[in-house]
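For reference, final.cif (mmCIF, C-alpha atoms):
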```cif
data_entry
#
loop_
_atom_site.label_atom_id
_atom_site.label_comp_id
_atom_site.auth_asym_id
_atom_site.auth_seq_id
_atom_site.Cartn_x
_atom_site.Cartn_y
_atom_site.Cartn_z
CA MET A 1 0.00 0.00 0.00
CA ASN A 2 1.52 3.29 -1.13
CA TRP A 3 1.63 6.39 0.93
CA MET A 4 -1.30 7.95 -0.99
CA MET A 5 -3.62 5.10 -0.08
CA ARG A 6 -2.52 5.29 3.53
CA ILE A 7 -3.34 8.98 3.73
CA ARG A 8 -6.76 8.44 2.19
CA ARG A 9 -7.56 5.58 4.57
CA ALA A 10 -6.41 7.61 7.53
CA GLY A 11 -8.54 10.50 6.34
CA LEU A 12 -11.61 8.31 6.06
CA LEU A 13 -11.01 6.86 9.48
CA GLY A 14 -10.68 10.38 10.87
CA VAL A 15 -13.96 11.45 9.33
CA THR A 16 -15.66 8.32 10.60
CA GLY A 17 -14.34 9.04 14.10
CA VAL A 18 -15.67 12.57 13.98
CA LEU A 19 -19.07 11.36 12.82
CA MET A 20 -19.22 8.74 15.60
CA ALA A 21 -18.30 11.36 18.19
CA ALA A 22 -21.00 13.69 16.87
CA VAL A 23 -23.61 10.92 17.06
CA LEU A 24 -22.64 10.17 20.65
CA LEU A 25 -22.63 13.87 21.51
CA PHE A 26 -26.19 14.36 20.31
CA ALA A 27 -27.45 11.04 21.62
CA GLY A 28 -26.15 11.76 25.13
CA PRO A 29 -28.19 14.88 25.93
CA ALA A 30 -31.29 13.41 24.30
CA LYS A 31 -31.03 10.38 26.53
CA ALA A 32 -30.42 12.58 29.58
CA THR A 33 -33.40 14.75 28.70
CA ALA A 34 -35.62 11.74 28.43
CA GLN A 35 -34.41 10.51 31.79
CA GLY A 36 -34.87 13.99 33.29
CA GLY A 37 -38.45 14.16 32.05
CA SER A 38 -39.14 10.77 33.53
CA ASN A 39 -37.60 11.78 36.85
CA GLY A 40 -39.56 15.05 36.80
CA ALA A 41 -42.82 13.17 36.35
CA GLN A 42 -41.88 10.83 39.18
CA ASN A 43 -41.03 13.79 41.43
CA ASP A 44 -44.34 15.47 40.61
CA ALA A 45 -46.22 12.28 41.42
CA GLN A 46 -44.38 11.95 44.72
CA ILE A 47 -45.05 15.60 45.60
CA GLN A 48 -48.74 15.17 44.77
CA ALA A 49 -48.94 12.11 47.02
CA ASP A 50 -47.20 13.99 49.85
CA VAL A 51 -49.48 17.01 49.52
CA MET A 52 -52.66 14.93 49.45
CA LYS A 53 -51.47 13.02 52.50
CA SER A 54 -50.96 16.31 54.36
CA LEU A 55 -54.55 17.24 53.48
CA GLU A 56 -56.07 14.11 55.02
CA ASN A 57 -58.49 16.03 57.20
CA LYS A 58 -62.24 16.55 56.93
CA ARG A 59 -61.62 20.28 56.50
CA PHE A 60 -60.04 19.48 53.11
CA LYS A 61 -62.37 16.70 51.94
CA ASP A 62 -63.25 18.67 48.78
CA VAL A 63 -59.72 19.88 48.02
CA LYS A 64 -57.60 18.43 45.20
CA ALA A 65 -53.92 18.93 44.33
CA SER A 66 -52.13 18.68 40.99
CA VAL A 67 -48.40 19.15 40.40
CA GLN A 68 -46.40 20.24 37.38
CA ASN A 69 -42.65 20.85 37.53
CA GLY A 70 -42.79 21.07 41.31
CA VAL A 71 -45.56 23.69 41.37
CA VAL A 72 -48.67 22.63 43.29
CA THR A 73 -52.13 23.79 42.22
CA LEU A 74 -54.84 23.51 44.86
CA THR A 75 -58.47 23.44 43.73
CA GLY A 76 -61.85 22.65 45.27
CA THR A 77 -63.81 24.18 48.12
CA VAL A 78 -63.60 24.64 51.90
CA ASP A 79 -66.12 25.84 54.46
CA VAL A 80 -64.13 28.70 56.01
CA TYR A 81 -61.30 30.96 54.88
CA SER A 82 -58.88 29.67 57.53
CA ALA A 83 -59.03 26.21 55.92
CA LYS A 84 -57.88 27.71 52.61
CA LEU A 85 -54.89 29.28 54.33
CA ASP A 86 -54.12 26.06 56.20
CA ALA A 87 -54.14 24.00 52.99
CA ASP A 88 -51.77 26.50 51.36
CA ASP A 89 -49.41 26.34 54.33
CA ARG A 90 -49.38 22.53 54.39
CA ALA A 91 -48.61 22.34 50.67
CA HIS A 92 -45.77 24.85 50.94
CA HIS A 93 -44.04 22.72 53.59
CA ARG A 94 -43.89 19.54 51.49
CA LYS A 95 -40.49 18.40 50.22
CA ASN A 96 -39.41 19.61 46.74
CA VAL A 97 -42.40 21.98 46.35
CA LYS A 98 -41.30 25.01 44.32
CA GLY A 99 -44.50 27.00 44.60
CA VAL A 100 -48.24 26.84 45.31
CA GLU A 101 -51.13 28.18 43.24
CA ASN A 102 -54.06 28.40 45.64
CA GLN A 103 -57.29 28.32 43.64
CA ILE A 104 -59.43 26.98 46.48
CA GLU A 105 -62.81 28.69 46.82
CA VAL A 106 -64.50 29.36 50.14
CA ALA A 107 -67.99 27.92 49.92
CA GLY A 108 -69.86 28.27 53.21
CA PRO A 109 -73.03 30.35 53.53
CA THR A 110 -73.67 33.47 51.47
CA ILE A 111 -74.23 36.43 53.79
CA ASP A 112 -74.89 39.99 52.64
CA ASP A 113 -72.08 42.41 53.41
CA THR A 114 -74.00 44.52 55.93
CA THR A 115 -75.14 41.54 57.97
CA LEU A 116 -71.68 39.99 57.88
CA ARG A 117 -70.07 43.22 59.04
CA ASP A 118 -72.50 43.60 61.94
CA LYS A 119 -71.99 40.00 63.04
CA LEU A 120 -68.21 40.34 62.95
CA ALA A 121 -68.32 43.66 64.81
CA GLU A 122 -70.34 41.99 67.56
CA LYS A 123 -67.93 39.06 67.80
CA LEU A 124 -64.86 41.31 67.88
CA ALA A 125 -66.42 43.50 70.55
CA TYR A 126 -66.42 40.59 73.01
CA ASP A 127 -63.11 39.08 71.87
CA ARG A 128 -60.40 38.92 74.55
CA VAL A 129 -62.84 39.51 77.40
CA GLY A 130 -60.98 38.96 80.66
CA TYR A 131 -57.58 40.05 79.33
CA GLY A 132 -58.08 43.69 80.26
CA THR A 133 -57.17 45.03 76.82
CA ILE A 134 -60.60 45.47 75.23
CA PRO A 135 -60.81 49.26 75.85
CA PHE A 136 -57.39 49.72 74.24
CA ASN A 137 -58.24 47.95 70.96
CA ALA A 138 -59.93 49.98 68.24
CA PHE A 139 -60.69 47.92 65.12
CA THR A 140 -62.42 48.93 61.92
CA ILE A 141 -64.25 46.49 59.65
CA GLY A 142 -65.06 46.80 55.97
CA VAL A 143 -66.83 44.10 53.93
CA GLN A 144 -67.20 43.89 50.17
CA ASN A 145 -68.48 40.76 48.44
CA GLY A 146 -67.54 38.70 51.47
CA ALA A 147 -63.96 40.01 51.58
CA VAL A 148 -63.24 41.54 54.99
CA THR A 149 -60.77 44.37 55.52
CA LEU A 150 -59.60 44.83 59.11
CA GLY A 151 -57.99 48.09 60.19
CA GLY A 152 -57.40 50.18 63.28
CA THR A 153 -54.96 49.68 66.14
CA ALA A 154 -54.41 46.72 68.44
CA TYR A 155 -52.92 46.98 71.91
CA GLY A 156 -50.54 44.08 71.23
CA PRO A 157 -49.73 41.24 68.78
CA SER A 158 -51.96 38.77 70.66
CA ASP A 159 -54.96 41.08 70.31
CA LYS A 160 -54.33 41.44 66.58
CA ASP A 161 -53.84 37.70 66.03
CA SER A 162 -56.99 36.90 67.97
CA ALA A 163 -59.07 39.34 65.92
CA ILE A 164 -57.75 37.99 62.61
CA SER A 165 -58.28 34.38 63.66
CA LEU A 166 -61.86 35.13 64.69
CA VAL A 167 -62.64 36.63 61.28
CA GLU A 168 -60.81 33.93 59.29
CA ASN A 169 -62.88 31.22 60.99
CA TYR A 170 -66.26 32.95 60.65
CA PRO A 171 -68.63 31.35 58.09
CA GLY A 172 -69.34 33.57 55.10
CA VAL A 173 -65.93 35.28 55.04
CA LYS A 174 -64.32 34.77 51.62
CA ASP A 175 -61.08 36.69 52.13
CA VAL A 176 -59.30 38.68 54.83
CA ILE A 177 -57.16 41.78 54.29
CA ASP A 178 -55.11 42.69 57.34
CA ASN A 179 -54.42 46.41 57.80
CA ILE A 180 -54.33 46.33 61.61
CA GLU A 181 -51.45 48.17 63.23
CA VAL A 182 -50.00 47.16 66.58
CA ALA A 183 -49.25 49.92 69.07
CA PRO A 184 -45.53 50.07 69.89
CA VAL A 185 -44.39 48.76 73.25
CA SER A 186 -44.03 51.72 75.60
CA PRO A 187 -44.16 51.89 79.42
CA ILE A 188 -45.08 55.57 79.10
CA ASP A 189 -48.05 54.76 76.84
CA ASP A 190 -49.12 52.01 79.25
CA ARG A 191 -49.15 54.52 82.09
CA ILE A 192 -51.24 56.91 80.01
CA ARG A 193 -53.69 54.12 79.06
CA LEU A 194 -54.36 53.25 82.69
CA ALA A 195 -54.64 56.89 83.67
CA GLU A 196 -57.07 57.56 80.81
CA ALA A 197 -59.18 54.54 81.77
CA ARG A 198 -59.42 55.75 85.36
CA ALA A 199 -60.18 59.31 84.30
CA ILE A 200 -62.91 58.32 81.85
CA TYR A 201 -64.55 55.25 83.37
CA GLY A 202 -64.11 56.52 86.92
CA PHE A 203 -66.22 59.59 86.20
CA PRO A 204 -69.85 58.98 87.32
CA GLN A 205 -71.38 60.22 84.06
CA LEU A 206 -69.22 57.84 82.01
CA ASN A 207 -69.12 54.85 84.32
CA LYS A 208 -71.91 53.14 82.36
CA TYR A 209 -69.53 52.59 79.41
CA ALA A 210 -67.45 50.21 81.51
CA ILE A 211 -70.36 47.81 82.09
CA ASP A 212 -70.78 46.27 78.62
CA PRO A 213 -67.52 45.17 76.89
CA ALA A 214 -69.22 45.72 73.54
CA LYS A 215 -69.89 49.39 74.25
CA PRO A 216 -66.78 50.88 75.82
CA ILE A 217 -65.10 54.12 74.97
CA ARG A 218 -62.05 52.90 73.07
CA ILE A 219 -58.76 54.45 74.19
CA THR A 220 -55.88 54.16 71.73
CA VAL A 221 -52.50 55.49 72.81
CA VAL A 222 -49.50 55.72 70.48
CA ASN A 223 -46.45 57.71 71.50
CA GLY A 224 -48.43 59.83 73.93
CA ASN A 225 -51.18 60.62 71.42
CA VAL A 226 -54.65 59.56 72.53
CA THR A 227 -57.56 58.71 70.24
CA LEU A 228 -61.06 58.14 71.60
CA SER A 229 -63.45 56.07 69.50
CA GLY A 230 -66.74 54.23 69.89
CA VAL A 231 -70.34 55.29 70.31
CA VAL A 232 -71.73 57.31 73.22
CA ASP A 233 -75.30 58.14 74.18
CA SER A 234 -75.10 61.91 73.98
CA GLN A 235 -73.05 64.90 72.92
CA ALA A 236 -72.62 65.72 76.62
CA ASP A 237 -70.94 62.33 77.19
CA LYS A 238 -68.65 62.94 74.22
CA ASP A 239 -67.67 66.36 75.54
CA VAL A 240 -67.04 65.11 79.07
CA ALA A 241 -64.90 62.23 77.78
CA ASN A 242 -62.85 64.72 75.81
CA ILE A 243 -62.30 66.93 78.87
CA ARG A 244 -61.35 63.96 81.04
CA ALA A 245 -58.91 62.61 78.42
CA ASN A 246 -57.18 65.95 78.02
CA GLY A 247 -56.72 66.22 81.78
CA VAL A 248 -54.34 63.24 82.01
CA PRO A 249 -50.69 64.33 82.51
CA GLY A 250 -48.20 63.43 79.79
CA VAL A 251 -50.70 63.39 76.93
CA PHE A 252 -49.51 65.24 73.82
CA LYS A 253 -52.81 65.34 71.94
CA VAL A 254 -56.35 63.94 72.15
CA VAL A 255 -58.35 63.12 69.02
CA ASN A 256 -62.02 62.67 69.86
CA ASN A 257 -63.60 60.35 67.27
CA LEU A 258 -66.51 59.35 69.50
CA GLU A 259 -69.83 59.16 67.69
CA VAL A 260 -73.17 60.06 69.21
CA ALA A 261 -75.77 57.32 68.81
CA SER A 262 -78.41 58.33 66.31
CA GLY A 263 -81.77 59.15 67.85
CA SER A 264 -80.32 59.36 71.35
CA GLU A 265 -80.46 63.12 71.56
CA LYS A 266 -83.92 64.39 72.38
CA PRO A 267 -85.02 67.18 70.06
CA GLU A 268 -85.64 70.52 71.69
CA LYS A 269 -89.27 71.42 72.25
CA GLU A 270 -90.57 74.00 69.85
CA LYS A 271 -91.37 77.27 71.51
CA PRO A 272 -94.94 78.38 71.01
CA GLU A 273 -95.34 81.23 68.63
CA LYS A 274 -96.28 84.52 70.20
#
```

Translate this file's structure into structure tokens.
Amino acid sequence: MNWMMRIRRAGLLGVTGVLMAAVLLFAGPAKATAQGGSNGAQNDAQIQADVMKSLENKRFKDVKASVQNGVVTLTGTVDVYSAKLDADDRAHHRKNVKGVENQIEVAGPTIDDTTLRDKLAEKLAYDRVGYGTIPFNAFTIGVQNGAVTLGGTAYGPSDKDSAISLVENYPGVKDVIDNIEVAPVSPIDDRIRLAEARAIYGFPQLNKYAIDPAKPIRITVVNGNVTLSGVVDSQADKDVANIRANGVPGVFKVVNNLEVASGSEKPEKEKPEK
């Protein structure tokens, strides 16, 4: 075999080697991708099984979970809003879960917004009875299409958490928006709160507002600033409460947001015409 033939054969062998390497190069990733897809499906199936196991509770009897690429989608219905949040939390804490799409709907009873607001206001009024903080919590409630917005100021984190939990577990609530602020921890503000409570509730004309926990004069104190809220029987009660609140030492400012109950003020008698 002459040198020309040897070169040609070597060249052909070289080309064949390159082609074989190229085939292996492209076959490798394809095989890996196929295996990856298979493993991904297996992982999704395992995640789905784990999530459904975590939802083995009668609260979630109508909830289903599907998984794609590690993302869990929750569907179905629950009776109260807190169950929707609980299902979301349980799914998030399963191994290998990358995210959760919570499409669960709150079924429960359908209550008109006004009725729902009044019911919640009544429940919140008596919440935390016995803890001594009711007069120092001033919450606001807004309801639109079953979605409840909570606002105002809470004396402490426990008061806020209790209020939110009460609303989240109330039938008919479809969503909860938390805008409640917690008053900062302050020994000075605590002293002012107690002094304000004594000054207001200790006054004979206003003592009646200490009897029913649902009808107190709310006293909010933040950095020495006092806000009075609630409903009183008369303009005279509102004025006296304002005077008493302003008389407490160390108070920077008093904002009197007390409302006078409608129809409580007796109209003045018309003077006979001369």

Env of segment 122-137 of chain A: 6 Å cut, atoms = all atoms listed in the file, seq-sep filter 3 positions within chain, self excluded. Answer as a PyMOL selection string. chain A and resi 119+154-155+214+218-220

Residues as selected, C-alpha atoms, written as a PDB file, in the coordinates of the input, can you do that?
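Saved file result31.pdb follows:
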```pdb
ATOM      1  CA  LYS A 119     -71.990  40.000  63.040  1.00  0.00           C
ATOM      2  CA  ALA A 154     -54.410  46.720  68.440  1.00  0.00           C
ATOM      3  CA  TYR A 155     -52.920  46.980  71.910  1.00  0.00           C
ATOM      4  CA  ALA A 214     -69.220  45.720  73.540  1.00  0.00           C
ATOM      5  CA  ARG A 218     -62.050  52.900  73.070  1.00  0.00           C
ATOM      6  CA  ILE A 219     -58.760  54.450  74.190  1.00  0.00           C
ATOM      7  CA  THR A 220     -55.880  54.160  71.730  1.00  0.00           C
TER       8      THR A 220
END
```

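Atom CA of Pro249 of chain A is found 9.9 Å from atom CA of Arg191 of chain A.
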
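Restricting the calculation to all atoms listed in the file, the smallest distance between Ala147 of chain A and any of A:Lys174, A:Lys160, A:His93, A:Arg59 is found for A:Lys174.
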
Expected residue set, 8 Å radius at (-57.3, 19.8, 46.7), only C-alpha atoms, as a PyMOL selection string: chain A and resi 52+55+60-66+73-77+104

On this structure, which residues satisfy the PyMOL selection byres ((chain A and resi 175) around 10), written as a PyMOL selection string? chain A and resi 80-82+84-85+105-106+143-149+167-168+172-174+176-178

Give me the residues near Val260 of chain A as a ChimeraX atom specification, where near means some atom within 8 Å (using all atoms listed in the file) and where sequence neighbours in that chain fewer than 3 positions away do not count. /A:231-235,238,264

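The nearest approach to Asn223 of chain A among the residues A:Asn69, A:Asn242, A:Thr114, A:Ser186, with all atoms listed in the file taken into account, belongs to A:Ser186.
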
Pick from A:Gly250, A:Gly99, A:Pro109, A:Gly152 nearest to Ser229 of chain A, counting all atoms listed in the file: A:Gly152

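The closest residue to Pro187 of chain A, picked from A:Gly224, A:Leu206, A:Lys215, A:Asn246 and counting all atoms listed in the file, is A:Gly224.
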
To test your reading of the syntax: which residues would the PyMOL selection byres ((chain A and resi 141) around 8) return for the file shown? Reply as number ranges by chain. A: 117, 121, 139-140, 142-143, 148-151
